[in-house]
Every structure is written in C-alpha cells, then in structure tokens.
Amino acid sequence: MNAVMLTDGLKVALRPEDNENGLVEREEVAKVVRRLMEDQEGTEIAERMQNLKNAAAETMQAEGSSTKILLQLGVYLMRN
C-alpha cells in the first residue's frame, strides 16, 4: 500500500509535510505524532484500523469470503 491510499483512501494514516528539500523535519514528525496521540483524529484512525483488522480476520475464518473463494478455486482447478 502506498501513502496516498493509507491517508486519503482508507484514512488510517497521517502524512507529514516535507520541506523544500523533500525532507521531513523533526518538528513535523512531532506534530504528526502529537495529532495521533492526543487529538480526536488519532482516536478516529485507531477505530478505523480496528474495523479493518476485524474485517480482515472475518474473511480468514472458515466461513469467511477469502476461504470460500480459495475453496472454489481449488474445486475449479481440480475439475479442469
């Protein structure tokens, strides 16, 4: 996954701003960490991450969608 997908798509990350040289300065890192640890934004990101974790775990269960699809693929390949 890339930074754009994590920050803009899934909204589970914060992206620090880089300076004119393309480097992220320590003050910017501190600002992003502070937002994650102290702001409502960090709480919302943690909730979205927990939801994604739960959804991924469900798909891997015996009756989950990933397991079912892999089973169907195996049956298909055995027949052909």
# chains A, B, ... in the order shown; residues from 1 in each chain; ligands from 1
call {"tool": "select_by_dssp", "arguments": {"residues": "chain A", "states": "alpha helix (DSSP H)", "output": "PyMOL selection string"}}
result
chain A and resi 3-4+26-38+40-59+65-79
call {"tool": "residues_around", "arguments": {"residues": "range 5-14 of chain A", "least_positions_apart": "2", "cutoff": "9 Å", "atoms": "only C-alpha atoms", "output": "list in words"}}
result
Met1, Asn2, Ala3, Pro16, Val32, Val33, Arg35, Leu36, Gly42, Glu44, Ile45, Ala46, Glu47, Arg48 and Met49 of chain A
call {"tool": "residues_around", "arguments": {"residues": "Glu17 in chain A", "least_positions_apart": "4", "cutoff": "10 Å", "atoms": "only C-alpha atoms", "output": "PDB file with N, CA, C and O atoms, in the first residue's frame"}}
result
ATOM      1  N   GLY A  22      12.467  18.299   0.315  1.00  0.00           N
ATOM      2  CA  GLY A  22      11.857  16.991   0.271  1.00  0.00           C
ATOM      3  C   GLY A  22      12.083  16.164   1.532  1.00  0.00           C
ATOM      4  O   GLY A  22      11.828  14.970   1.536  1.00  0.00           O
ATOM      5  N   LEU A  23      12.547  16.811   2.590  1.00  0.00           N
ATOM      6  CA  LEU A  23      12.815  16.116   3.849  1.00  0.00           C
ATOM      7  C   LEU A  23      11.746  16.454   4.878  1.00  0.00           C
ATOM      8  O   LEU A  23      11.200  17.554   4.893  1.00  0.00           O
ATOM      9  N   VAL A  24      11.454  15.512   5.748  1.00  0.00           N
ATOM     10  CA  VAL A  24      10.521  15.746   6.844  1.00  0.00           C
ATOM     11  C   VAL A  24      11.342  16.104   8.077  1.00  0.00           C
ATOM     12  O   VAL A  24      12.194  15.332   8.517  1.00  0.00           O
ATOM     13  N   GLU A  25      11.092  17.270   8.631  1.00  0.00           N
ATOM     14  CA  GLU A  25      11.858  17.741   9.778  1.00  0.00           C
ATOM     15  C   GLU A  25      11.289  17.191  11.079  1.00  0.00           C
ATOM     16  O   GLU A  25      10.136  16.781  11.151  1.00  0.00           O
ATOM     17  N   GLU A  28       7.967  18.443  12.360  1.00  0.00           N
ATOM     18  CA  GLU A  28       6.815  17.912  11.635  1.00  0.00           C
ATOM     19  C   GLU A  28       6.471  16.510  12.124  1.00  0.00           C
ATOM     20  O   GLU A  28       5.303  16.167  12.291  1.00  0.00           O
ATOM     21  N   VAL A  29       7.491  15.704  12.381  1.00  0.00           N
ATOM     22  CA  VAL A  29       7.257  14.363  12.923  1.00  0.00           C
ATOM     23  C   VAL A  29       6.581  14.483  14.290  1.00  0.00           C
ATOM     24  O   VAL A  29       5.601  13.782  14.576  1.00  0.00           O
ATOM     25  N   VAL A  32       2.897  15.386  13.871  1.00  0.00           N
ATOM     26  CA  VAL A  32       2.073  14.256  13.425  1.00  0.00           C
ATOM     27  C   VAL A  32       1.861  13.266  14.577  1.00  0.00           C
ATOM     28  O   VAL A  32       0.740  12.781  14.789  1.00  0.00           O
TER      29      VAL A  32
END
call {"tool": "atom_distance", "arguments": {"atom1": "CA of Ser66 in chain A", "atom2": "CA of Thr43 in chain A"}}
result
29.0 Å
call {"tool": "atom_distance", "arguments": {"atom1": "CA of Val75 in chain A", "atom2": "CA of Ala62 in chain A"}}
result
16.1 Å
